[in-house]
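Following: one structure in structure tokens, then a few remarks.
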Number of protein chains: 4
Amino acid sequence: MIVVMQSEATKEQVAHVSDLVREMGLKDHVIVGTDLTVVAVIGDDRKKEKRRLEQAPGVDRVVPILHPYKIAAKESRKERTQVRISDACVIGGGHVPIVAGPCSVENEKQILESARQVKAAGCHALRGGAFKPRTNPYAFQGLGEEGLKLLAAARDETGLAIVTEVLTPTEVDLVSSYADCLQIGARNCQNFKLLEAVGKQPKPVLFKRGMSTTIDEYLQAAEYILAQGNPNVVLCERGVRTFEDHTRNTLSLSAVPELHIRTHLPIAVDPSHGTGHARLVADMSRAAVAAGADALMIELHPDPEHAMTDGAQSLTPQALKDLVPTLARVAQAVDRSIN
Amino acid sequence: MIVVMQSEATKEQVAHVSDLVREMGLKDHVIVGTDLTVVAVIGDDRKKEKRRLEQAPGVDRVVPILHPYKIAAKESRKERTQVRISDACVIGGGHVPIVAGPCSVENEKQILESARQVKAAGCHALRGGAFKPRTNPYAFQGLGEEGLKLLAAARDETGLAIVTEVLTPTEVDLVSSYADCLQIGARNCQNFKLLEAVGKQPKPVLFKRGMSTTIDEYLQAAEYILAQGNPNVVLCERGVRTFEDHTRNTLSLSAVPELHIRTHLPIAVDPSHGTGHARLVADMSRAAVAAGADALMIELHPDPEHAMTDGAQSLTPQALKDLVPTLARVAQAVDRSIN
Amino acid sequence: MIVVMQSEATKEQVAHVSDLVREMGLKDHVIVGTDLTVVAVIGDDRKKEKRRLEQAPGVDRVVPILHPYKIAAKESRKERTQVRISDACVIGGGHVPIVAGPCSVENEKQILESARQVKAAGCHALRGGAFKPRTNPYAFQGLGEEGLKLLAAARDETGLAIVTEVLTPTEVDLVSSYADCLQIGARNCQNFKLLEAVGKQPKPVLFKRGMSTTIDEYLQAAEYILAQGNPNVVLCERGVRTFEDHTRNTLSLSAVPELHIRTHLPIAVDPSHGTGHARLVADMSRAAVAAGADALMIELHPDPEHAMTDGAQSLTPQALKDLVPTLARVAQAVDRSIN
Amino acid sequence: MIVVMQSEATKEQVAHVSDLVREMGLKDHVIVGTDLTVVAVIGDDRKKEKRRLEQAPGVDRVVPILHPYKIAAKESRKERTQVRISDACVIGGGHVPIVAGPCSVENEKQILESARQVKAAGCHALRGGAFKPRTNPYAFQGLGEEGLKLLAAARDETGLAIVTEVLTPTEVDLVSSYADCLQIGARNCQNFKLLEAVGKQPKPVLFKRGMSTTIDEYLQAAEYILAQGNPNVVLCERGVRTFEDHTRNTLSLSAVPELHIRTHLPIAVDPSHGTGHARLVADMSRAAVAAGADALMIELHPDPEHAMTDGAQSLTPQALKDLVPTLARVAQAVDRSIN
């Protein structure tokens, strides 16, 4: 870190900052500039409470230099991590799998139909929520374990791996016993107890970015999972909250190349939540592949007009079927493949 | 809700929307305008999945009209709810209590000193975290139950009620057995399982706004607690995430009068997290009281330079002592009182 | 518009709103719902001050329904507008031109070299600023008319059309006399006097989105140009301001398909300003083409380390040369072409 | 500035950065840390294009240290600047003047009535727009010079100083010849040509913050005015653009104490634009005074239901009259005065 002193700071104040730095087990290095003095701090300060130095007299501000994550950092592993959800769905290699399916598991007919349509469209895994985090307390909250059973039945029929969300630590074992991959939703991106819990179970984790987490915060949150011993984490950009009102969220595709620079973890994109409108999903799916996304997560519903959740952003079966070949073409143009 | 049709929508498309509306158990009312047609929907659609109508052919967008919460709404209760945490700390009346204390309970000496300083400054309850949600997985995570015991000891000595955070449903009973008021932090604002859990226990809940939740989302989240039978919810504005970089968050004080218009629940303000810098806390505390806040939550540390967490935003004991009388003057100017 | 009454509004208050609506020359249509009453307003209210109805007693809020622009709207013209800057650079058809060049014109050598490199890389027009809007008053502000002359010399040599920014109405004629296309920068997106001025001159306008303008505001601003009689407007997404800190701005690519739905005007993307870092430009350029962008605007500098402005986001000549063929492949994958 | 090298940067790359730094006329100072190396740069780099160093091989990022403004900085002047608009309206001292009036000058009757009401309520200057920047090109754009004449008539009758907006450099002299204080609106916060123009004329400038400018950018923009020789600049927080939708903008009151720390210029607050709803103006006005604002700018209309612009956020004459005494009480509580 760099501690920037106020322009009128005294020598004693600088010396006091140096003392505090040494107290923290770090080395201080004072640089007297033409306008002000800074104290450069040498040593690994990732685990230190740095910002409290702002309270020392004469300090203007504290500027962190080291990125605050370790296992997630590119430095810790040069090649991109490949996360295997099933033979057909390996995320992080030359192949860009598509995970598709309804927002919620609604009933047997709906999820089986969805699975067949997802398979027929050429996608690689099935998504579907059994435990649903809903903004409104009175909205449909999912079928719970019954939903998990229906997902398993859909897998049995189609062979598609299943990706489904878990909401709370006490349900991790249950969900893990059914799913091929656990999803952590955006609202739980900094639910650290839940992150620790999925870090302790063996299935891969599809871990969505929170709607207002920075890249640094996101990778620190991923580190909570990794630090528990589970290396199979797929990051997922799903839109961030901004002033824009033509979409539900602003899909920040620059997070894809930026994360590829900073971490070895693969990155999926969810253009359905990332836009909130089915009309924008096809273009943004293509853009995501072109930006280098390692997987896509797309909402499909056999009958969006009657969907119990997220109807506005779900593709129809026909729309998904039409979309996949165009994604294959874009993937090829960037030296990757869909099928 | 209002379903706005595209300008070129056909009569059949409008009729189809009417059908869908009636299928949902609601009444449709078609209005043909000069430029386009809208379908006004009559009936309580709060629990319906409205946005799926966007998928019906010819629909441009769906505009919700009813606010999506009920128990939290002003309509359900005309007078402001008063939440009693202790005799000295009743939130929602003419008196504006101050909850102060360190971010984390660090050790016996630190929390007892803090409690005495909080008391000496004329504040009304003690805050302090035993379970800490930390952005960085390697940072200090709190003392756990040991921290709760130290808080109880501080209460025994000073008589101050204690407010402390709970992170996960399985720890709700434990925290509830020690605390006078449970805090839900900003990162858990939409951790619905946790909200349900604190809704089922008897202690009041100080419920912080998430860093990117809208007022509508926030009140729906509060409704999760209320719907479980716990009416003692104190809302708390603590800053939202924006592009601004001179503060850790942007303290949105207009949330105070807006919430007073929309809900009967009392509203606290946390200027410490809301700014992230001790140098801004005094002015923003005074502004919060002037804006009509029902309580303040302020971080104090006996020695901020050495605080294990949130040192940059904690007031020194002297700064807190100097602040309280000025808050009393502002409170009086808006016909309320601090002491 | 829809005027939503408060739940406790009286009949008299509703009648008063109806009166105000009729006074505005519009038709009122009262709908009594189960929870509250709304007044639907029929007629073209685009030019009316609608929000003042919020002040009528008993009104909760006013919800606009009609989009507030006309000439820019898709309804006014079904086919996409093609804007011809030169024979090689027609924006809005099957071909996706690339406008490249340095942020600023620095001297003769730099701009001529840039032009040759832009041409050699297979791009279609040259950008370069002679009048620079700089955040810092002490920074290099451009060469002024001398810069325009150097651009013209570069055009003479390479045949590339030139796109350059204009900052103030009094300089419009001067810039227009040199440039093939005038650029309006993000900071001037709502500088309405300037928009009117470029609307009155004959050259096409590349009109950048402001850093916090919504799509509705942006199209209204474009309407200022169109309403003066200049139909040749190219919109340009260049990143919006959000909480994200890994980029200078957040490039919101979903604006591309959304604008294609709402307007007939073509849409360019500027991934250089949209990210602020050269390391992200290639991936985001490919993503922009895949999202359907009608043109790209990319910063190139012969020697970015020594650029007088925007060095951090400028591609090197080699990087641009390597990029263009990959863009051609992506363009082909979405049935368009670069060359 | 600090140049942070990538962890794998070579010695040659560090040496190259040192060379570039020296080429810029600055001094380099290399610090080898445990995880990476940084190059601290000594010397005044305020006028340098720093970010281009990001392009040097092996560089991770560039961290600026010096604040990029000089005349506006606290260091250049210890006491707060007092800006005298009239004897009754001096901004920056113990007295907190209120500038009130309609958004637009609509006609003689309206502006004279407004002026009388503003005076009767105990306010200190009259605002009113003759040249209006309107989001919608078809909306009322103000009366132009006729509006200025009506403002002058209102001043003649009431003795109130007048504050009115100027939109473009060519109108600066005209507006300056009528007004006692020129206003620069939020949309023109980075219209640098206009800032230079008002910097060259003698009247004080009320300079509004842009809706997405940071504090650093805002003070650099103010520096454009100051650098032309006009020291009489009043800053004005008027709300910033965020995801929040209960207000038109998010009034960021922490800008008030932050600006007081960084600059000697006085700071006004505009709670009318800062919230967009009359129902929030009184509370936020009181909060602004408590936060230390040096002046308030409040919209008043004799008949808001019929206002031609900004009706939703204008106070009625009675509401303004009721508000002022409460502001006086809050002002007194923070050792300042209104009357």
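To be explicit about the labels: the chains of the structure tokens are called A, B, and onward in the order shown, and within each one the residues are counted from 1, while ligands get numbers from 1 in the order they are shown.
If you count only C-alpha atoms and ignore residues fewer than 2 places along the chain from Ala291 of chain C, what sits within 8 Å of it is Asp283, Met284, Arg286 and Ala287 of chain A; Leu253, Ser254, Val256, Pro257, Ala287, Ala288, Val289 and Ala293 of chain C.
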Reference chain A, mobile chain C, all Cα atoms fitted, written as a compact mmCIF listing (two decimals) with C-alpha atoms, in the first residue's frame:
# COMPACT_ATOMS: atom_id res chain seq x y z
CA MET C 1 -0.03 -0.01 -0.02
CA ILE C 2 0.92 3.64 -0.33
CA VAL C 3 0.06 6.01 2.49
CA VAL C 4 -0.38 9.51 1.06
CA MET C 5 0.28 12.25 3.60
CA GLN C 6 -1.49 15.61 3.57
CA SER C 7 0.59 18.39 2.03
CA GLU C 8 0.99 20.07 5.40
CA ALA C 9 1.87 16.88 7.32
CA THR C 10 4.74 17.22 9.78
CA LYS C 11 7.81 15.03 10.05
CA GLU C 12 6.49 13.66 13.30
CA GLN C 13 3.29 12.59 11.59
CA VAL C 14 5.25 10.81 8.89
CA ALA C 15 7.37 9.10 11.54
CA HIS C 16 4.23 8.01 13.37
CA VAL C 17 2.89 6.41 10.18
CA SER C 18 6.21 4.61 9.77
CA ASP C 19 5.85 3.33 13.33
CA LEU C 20 2.34 2.06 12.67
CA VAL C 21 3.52 0.31 9.51
CA ARG C 22 6.33 -1.44 11.37
CA GLU C 23 3.93 -2.40 14.15
CA MET C 24 1.90 -4.21 11.46
CA GLY C 25 4.96 -6.29 10.62
CA LEU C 26 5.60 -4.43 7.36
CA LYS C 27 8.43 -2.26 6.09
CA ASP C 28 8.04 1.48 5.56
CA HIS C 29 9.75 3.47 2.86
CA VAL C 30 9.33 7.24 3.00
CA ILE C 31 9.42 9.23 -0.25
CA VAL C 32 9.51 13.00 -0.01
CA GLY C 33 7.99 14.48 -3.14
CA THR C 34 7.82 18.05 -4.34
CA ASP C 35 4.23 18.56 -3.20
CA LEU C 36 3.81 15.95 -0.53
CA THR C 37 5.26 12.90 1.15
CA VAL C 38 4.16 9.32 0.73
CA VAL C 39 5.02 6.25 2.78
CA ALA C 40 5.37 3.20 0.57
CA VAL C 41 4.71 0.01 2.47
CA ILE C 42 6.67 -3.12 1.61
CA GLY C 43 5.43 -6.61 2.45
CA ASP C 44 2.29 -8.64 2.01
CA ASP C 45 -0.46 -6.44 3.43
CA ARG C 46 -3.34 -8.43 1.97
CA LYS C 47 -4.49 -9.63 5.37
CA LYS C 48 -3.99 -6.34 7.18
CA GLU C 49 -6.60 -3.74 8.06
CA LYS C 50 -4.94 -1.06 5.95
CA ARG C 51 -7.56 1.65 5.88
CA ARG C 52 -7.23 2.39 9.59
CA LEU C 53 -4.00 4.23 8.78
CA GLU C 54 -6.25 6.96 7.40
CA GLN C 55 -6.92 7.85 11.01
CA ALA C 56 -3.31 8.64 11.79
CA PRO C 57 -2.81 12.42 12.01
CA GLY C 58 -1.59 13.99 8.77
CA VAL C 59 -2.72 11.14 6.53
CA ASP C 60 -4.71 12.05 3.43
CA ARG C 61 -5.53 8.57 2.18
CA VAL C 62 -4.37 4.98 1.80
CA VAL C 63 -3.92 3.48 -1.68
CA PRO C 64 -3.86 -0.33 -1.87
CA ILE C 65 -1.43 -1.81 -4.40
CA LEU C 66 -1.66 -5.60 -4.11
CA HIS C 67 -4.76 -7.34 -5.41
CA PRO C 68 -6.52 -8.79 -2.35
CA TYR C 69 -6.87 -12.41 -3.49
CA LYS C 70 -4.34 -15.19 -3.93
CA ILE C 71 -5.71 -18.60 -4.98
CA ALA C 72 -7.98 -16.99 -7.57
CA ALA C 73 -5.13 -14.91 -9.01
CA LYS C 74 -3.58 -15.66 -12.37
CA GLU C 75 -0.20 -15.74 -10.61
CA SER C 76 -1.21 -18.91 -8.77
CA ARG C 77 -1.96 -20.87 -11.95
CA LYS C 78 -1.01 -19.99 -15.50
CA GLU C 79 -3.46 -22.13 -17.51
CA ARG C 80 -7.17 -21.54 -17.39
CA THR C 81 -8.97 -23.88 -14.99
CA GLN C 82 -11.29 -26.33 -16.72
CA VAL C 83 -14.39 -27.16 -14.76
CA ARG C 84 -16.00 -30.46 -15.70
CA ILE C 85 -19.74 -30.57 -15.00
CA SER C 86 -20.24 -33.55 -17.28
CA ASP C 87 -18.53 -35.01 -20.32
CA ALA C 88 -20.61 -32.76 -22.54
CA CYS C 89 -20.15 -29.71 -20.37
CA VAL C 90 -16.54 -28.81 -19.61
CA ILE C 91 -16.12 -25.10 -19.03
CA GLY C 92 -12.81 -23.31 -19.63
CA GLY C 93 -11.47 -25.02 -22.74
CA GLY C 94 -11.92 -24.51 -26.47
CA HIS C 95 -15.52 -25.56 -26.25
CA VAL C 96 -18.17 -23.11 -25.06
CA PRO C 97 -21.05 -25.03 -23.44
CA ILE C 98 -24.54 -23.62 -23.18
CA VAL C 99 -26.51 -24.19 -20.00
CA ALA C 100 -30.17 -23.57 -20.73
CA GLY C 101 -33.50 -24.14 -19.10
CA PRO C 102 -36.31 -22.46 -17.24
CA CYS C 103 -35.86 -20.06 -14.37
CA SER C 104 -37.90 -22.35 -12.10
CA VAL C 105 -38.90 -25.96 -12.11
CA GLU C 106 -42.69 -25.65 -12.19
CA ASN C 107 -43.95 -29.20 -12.68
CA GLU C 108 -42.95 -32.46 -14.29
CA LYS C 109 -44.32 -31.71 -17.72
CA GLN C 110 -42.68 -28.29 -17.88
CA ILE C 111 -39.22 -29.44 -16.85
CA LEU C 112 -39.21 -32.55 -19.02
CA GLU C 113 -40.35 -30.55 -22.04
CA SER C 114 -37.73 -27.92 -21.29
CA ALA C 115 -35.02 -30.56 -21.03
CA ARG C 116 -35.98 -32.07 -24.36
CA GLN C 117 -36.02 -28.66 -26.01
CA VAL C 118 -32.66 -27.73 -24.50
CA LYS C 119 -31.22 -30.99 -25.75
CA ALA C 120 -32.82 -30.63 -29.18
CA ALA C 121 -31.41 -27.13 -29.54
CA GLY C 122 -27.92 -28.52 -29.03
CA CYS C 123 -27.24 -27.17 -25.56
CA HIS C 124 -25.08 -28.95 -23.01
CA ALA C 125 -26.65 -28.75 -19.58
CA LEU C 126 -30.01 -27.99 -18.00
CA ARG C 127 -30.64 -25.19 -15.55
CA GLY C 128 -33.74 -24.88 -13.40
CA GLY C 129 -34.42 -23.54 -9.94
CA ALA C 130 -35.95 -25.63 -7.17
CA PHE C 131 -35.13 -23.13 -4.42
CA LYS C 132 -35.87 -19.61 -5.69
CA PRO C 133 -34.76 -16.36 -4.08
CA ARG C 134 -37.64 -14.01 -4.88
CA THR C 135 -37.66 -10.26 -4.40
CA ASN C 136 -41.29 -10.49 -3.42
CA PRO C 137 -42.18 -12.61 -0.38
CA TYR C 138 -45.52 -13.57 -1.87
CA ALA C 139 -44.12 -14.83 -5.17
CA PHE C 140 -43.58 -18.50 -6.06
CA GLN C 141 -40.54 -19.73 -4.13
CA GLY C 142 -39.85 -22.96 -5.98
CA LEU C 143 -40.82 -26.58 -5.43
CA GLY C 144 -37.95 -27.37 -3.08
CA GLU C 145 -36.74 -30.99 -2.96
CA GLU C 146 -39.61 -32.03 -5.26
CA GLY C 147 -38.05 -29.74 -7.86
CA LEU C 148 -34.66 -31.41 -7.40
CA LYS C 149 -36.27 -34.79 -8.04
CA LEU C 150 -37.88 -33.52 -11.21
CA LEU C 151 -34.52 -32.20 -12.38
CA ALA C 152 -32.97 -35.60 -11.72
CA ALA C 153 -35.73 -37.19 -13.77
CA ALA C 154 -35.02 -34.79 -16.61
CA ARG C 155 -31.34 -35.73 -16.41
CA ASP C 156 -32.23 -39.41 -16.47
CA GLU C 157 -34.24 -38.93 -19.61
CA THR C 158 -31.97 -36.59 -21.57
CA GLY C 159 -28.52 -37.19 -20.16
CA LEU C 160 -28.11 -33.47 -19.56
CA ALA C 161 -26.19 -32.43 -16.46
CA ILE C 162 -28.20 -30.24 -14.09
CA VAL C 163 -27.27 -26.89 -12.60
CA THR C 164 -29.44 -25.60 -9.78
CA GLU C 165 -29.28 -22.93 -7.14
CA VAL C 166 -28.73 -23.31 -3.41
CA LEU C 167 -29.81 -20.58 -1.02
CA THR C 168 -28.64 -21.43 2.44
CA PRO C 169 -25.90 -23.52 4.09
CA THR C 170 -28.25 -26.07 5.61
CA GLU C 171 -29.55 -27.04 2.17
CA VAL C 172 -26.14 -27.45 0.54
CA ASP C 173 -25.90 -31.19 1.16
CA LEU C 174 -29.38 -31.80 -0.13
CA VAL C 175 -28.87 -29.82 -3.33
CA SER C 176 -25.40 -31.26 -3.79
CA SER C 177 -26.82 -34.78 -3.65
CA TYR C 178 -28.99 -34.09 -6.71
CA ALA C 179 -27.14 -31.48 -8.77
CA ASP C 180 -24.14 -31.81 -11.06
CA CYS C 181 -23.28 -28.19 -10.39
CA LEU C 182 -24.46 -25.83 -7.66
CA GLN C 183 -25.37 -22.30 -8.52
CA ILE C 184 -24.85 -19.34 -6.20
CA GLY C 185 -27.09 -16.46 -7.24
CA ALA C 186 -26.20 -12.79 -7.48
CA ARG C 187 -27.95 -11.87 -4.22
CA ASN C 188 -25.76 -14.36 -2.36
CA CYS C 189 -22.47 -13.24 -3.89
CA GLN C 190 -21.30 -12.00 -0.52
CA ASN C 191 -23.20 -14.50 1.64
CA PHE C 192 -19.90 -15.75 2.97
CA LYS C 193 -21.29 -18.58 5.10
CA LEU C 194 -22.95 -20.02 2.03
CA LEU C 195 -19.76 -19.65 0.01
CA GLU C 196 -17.84 -21.55 2.66
CA ALA C 197 -20.47 -24.27 2.65
CA VAL C 198 -20.30 -24.85 -1.11
CA GLY C 199 -16.52 -24.73 -0.84
CA LYS C 200 -16.68 -27.80 1.38
CA GLN C 201 -18.77 -30.02 -0.91
CA PRO C 202 -17.46 -31.79 -4.00
CA LYS C 203 -19.63 -30.49 -6.86
CA PRO C 204 -18.57 -27.63 -9.14
CA VAL C 205 -20.00 -24.19 -8.38
CA LEU C 206 -21.40 -21.72 -10.88
CA PHE C 207 -20.89 -18.51 -8.97
CA LYS C 208 -22.71 -15.41 -10.16
CA ARG C 209 -21.37 -11.93 -9.73
CA GLY C 210 -23.38 -9.72 -7.38
CA MET C 211 -25.23 -6.83 -8.86
CA SER C 212 -22.89 -4.27 -7.43
CA THR C 213 -19.69 -6.14 -6.69
CA THR C 214 -16.47 -4.90 -8.19
CA ILE C 215 -14.08 -7.33 -9.83
CA ASP C 216 -11.84 -7.22 -6.76
CA GLU C 217 -14.71 -7.98 -4.42
CA TYR C 218 -15.94 -10.72 -6.71
CA LEU C 219 -12.61 -12.49 -6.79
CA GLN C 220 -12.28 -12.21 -3.03
CA ALA C 221 -15.70 -13.81 -2.72
CA ALA C 222 -14.61 -16.61 -5.07
CA GLU C 223 -11.60 -17.04 -2.84
CA TYR C 224 -13.96 -17.94 0.02
CA ILE C 225 -15.00 -21.02 -1.99
CA LEU C 226 -11.52 -21.87 -3.21
CA ALA C 227 -10.01 -21.54 0.24
CA GLN C 228 -12.27 -24.35 1.49
CA GLY C 229 -10.73 -26.71 -1.03
CA ASN C 230 -13.16 -26.66 -3.94
CA PRO C 231 -11.21 -25.57 -7.04
CA ASN C 232 -14.11 -25.98 -9.48
CA VAL C 233 -15.54 -22.52 -9.61
CA VAL C 234 -17.09 -20.99 -12.74
CA LEU C 235 -17.54 -17.23 -12.51
CA CYS C 236 -20.59 -15.73 -14.19
CA GLU C 237 -21.27 -12.15 -15.30
CA ARG C 238 -25.03 -11.54 -15.15
CA GLY C 239 -25.36 -7.79 -15.31
CA VAL C 240 -24.67 -5.08 -12.79
CA ARG C 241 -26.92 -2.41 -11.43
CA THR C 242 -26.57 1.02 -12.98
CA PHE C 243 -28.76 4.00 -13.86
CA GLU C 244 -29.76 2.38 -17.15
CA ASP C 245 -33.45 1.60 -17.42
CA HIS C 246 -33.79 -0.10 -20.81
CA THR C 247 -32.54 -3.32 -19.24
CA ARG C 248 -33.08 -4.99 -15.88
CA ASN C 249 -29.29 -4.90 -15.38
CA THR C 250 -26.35 -3.66 -17.43
CA LEU C 251 -24.48 -6.63 -18.86
CA SER C 252 -20.83 -5.68 -18.41
CA LEU C 253 -19.08 -7.81 -20.99
CA SER C 254 -15.72 -6.17 -20.35
CA ALA C 255 -15.69 -8.22 -17.16
CA VAL C 256 -14.97 -11.25 -19.35
CA PRO C 257 -11.56 -10.18 -20.74
CA GLU C 258 -10.68 -8.45 -17.46
CA LEU C 259 -11.33 -11.62 -15.47
CA HIS C 260 -9.35 -13.62 -18.01
CA ILE C 261 -6.41 -11.34 -17.30
CA ARG C 262 -6.72 -11.51 -13.53
CA THR C 263 -7.79 -15.06 -12.79
CA HIS C 264 -7.45 -18.60 -14.10
CA LEU C 265 -11.10 -19.35 -13.34
CA PRO C 266 -13.41 -19.69 -16.36
CA ILE C 267 -16.15 -17.11 -16.93
CA ALA C 268 -19.70 -17.71 -18.07
CA VAL C 269 -22.19 -15.05 -19.14
CA ASP C 270 -25.93 -14.96 -18.42
CA PRO C 271 -27.53 -12.68 -21.02
CA SER C 272 -31.03 -13.48 -19.75
CA HIS C 273 -30.63 -11.89 -16.33
CA GLY C 274 -28.05 -9.54 -17.82
CA THR C 275 -30.71 -7.84 -19.93
CA GLY C 276 -34.06 -8.96 -18.53
CA HIS C 277 -35.71 -8.95 -21.95
CA ALA C 278 -35.92 -11.86 -24.36
CA ARG C 279 -35.60 -9.45 -27.29
CA LEU C 280 -31.99 -8.66 -26.35
CA VAL C 281 -30.79 -12.17 -25.50
CA ALA C 282 -29.71 -13.38 -28.93
CA ASP C 283 -27.50 -10.39 -29.73
CA MET C 284 -25.95 -10.34 -26.29
CA SER C 285 -25.30 -14.10 -26.39
CA ARG C 286 -23.36 -13.66 -29.60
CA ALA C 287 -21.50 -10.70 -28.12
CA ALA C 288 -20.61 -12.73 -25.04
CA VAL C 289 -19.10 -15.51 -27.13
CA ALA C 290 -17.16 -12.96 -29.18
CA ALA C 291 -15.88 -11.37 -25.96
CA GLY C 292 -14.41 -14.71 -24.95
CA ALA C 293 -17.00 -16.14 -22.56
CA ASP C 294 -16.27 -19.75 -21.54
CA ALA C 295 -19.95 -20.70 -21.28
CA LEU C 296 -23.42 -19.23 -21.63
CA MET C 297 -26.38 -19.52 -19.31
CA ILE C 298 -29.67 -18.87 -21.08
CA GLU C 299 -33.27 -19.02 -19.90
CA LEU C 300 -35.68 -21.05 -21.99
CA HIS C 301 -39.33 -21.75 -21.25
CA PRO C 302 -41.69 -23.96 -23.22
CA ASP C 303 -44.33 -21.23 -22.92
CA PRO C 304 -42.89 -17.93 -21.66
CA GLU C 305 -46.28 -16.19 -21.57
CA HIS C 306 -47.27 -18.60 -18.82
CA ALA C 307 -43.93 -18.91 -17.01
CA MET C 308 -44.21 -18.74 -13.23
CA THR C 309 -40.97 -16.72 -13.03
CA ASP C 310 -38.83 -14.66 -15.41
CA GLY C 311 -41.21 -14.99 -18.34
CA ALA C 312 -40.07 -11.69 -19.84
CA GLN C 313 -36.52 -12.86 -20.32
CA SER C 314 -37.00 -16.49 -21.34
CA LEU C 315 -36.48 -17.58 -24.93
CA THR C 316 -39.08 -19.73 -26.61
CA PRO C 317 -37.92 -23.20 -27.74
CA GLN C 318 -37.85 -21.97 -31.34
CA ALA C 319 -35.81 -18.90 -30.48
CA LEU C 320 -33.23 -21.05 -28.68
CA LYS C 321 -33.08 -23.46 -31.59
CA ASP C 322 -32.48 -20.59 -34.00
CA LEU C 323 -29.87 -19.04 -31.76
CA VAL C 324 -27.48 -21.94 -31.24
CA PRO C 325 -26.20 -22.23 -34.83
CA THR C 326 -25.44 -18.52 -34.90
CA LEU C 327 -23.49 -18.90 -31.68
CA ALA C 328 -21.56 -21.72 -33.29
CA ARG C 329 -20.57 -19.43 -36.14
CA VAL C 330 -19.39 -16.68 -33.80
CA ALA C 331 -17.51 -19.20 -31.66
CA GLN C 332 -15.73 -20.47 -34.73
CA ALA C 333 -14.81 -16.89 -35.68
CA VAL C 334 -12.94 -16.59 -32.38
CA ASP C 335 -11.37 -20.05 -32.65
CA ARG C 336 -13.69 -21.83 -30.30
CA SER C 337 -16.61 -24.16 -30.77
CA ILE C 338 -20.13 -24.71 -29.49
CA ASN C 339 -20.76 -28.24 -30.72
Hey, what does DSSP flag as alpha helix (DSSP H) within segment 180-268 of chain C? Can you give it to me as a PyMOL selection string? chain C and resi 192-199+215-226+255-262
Just asking: which residues within segment 99-257 of chain B are strand (DSSP E) according to DSSP, as number ranges by chain? B: 99-101, 125-127, 161-165, 181-184, 205-208, 233-237
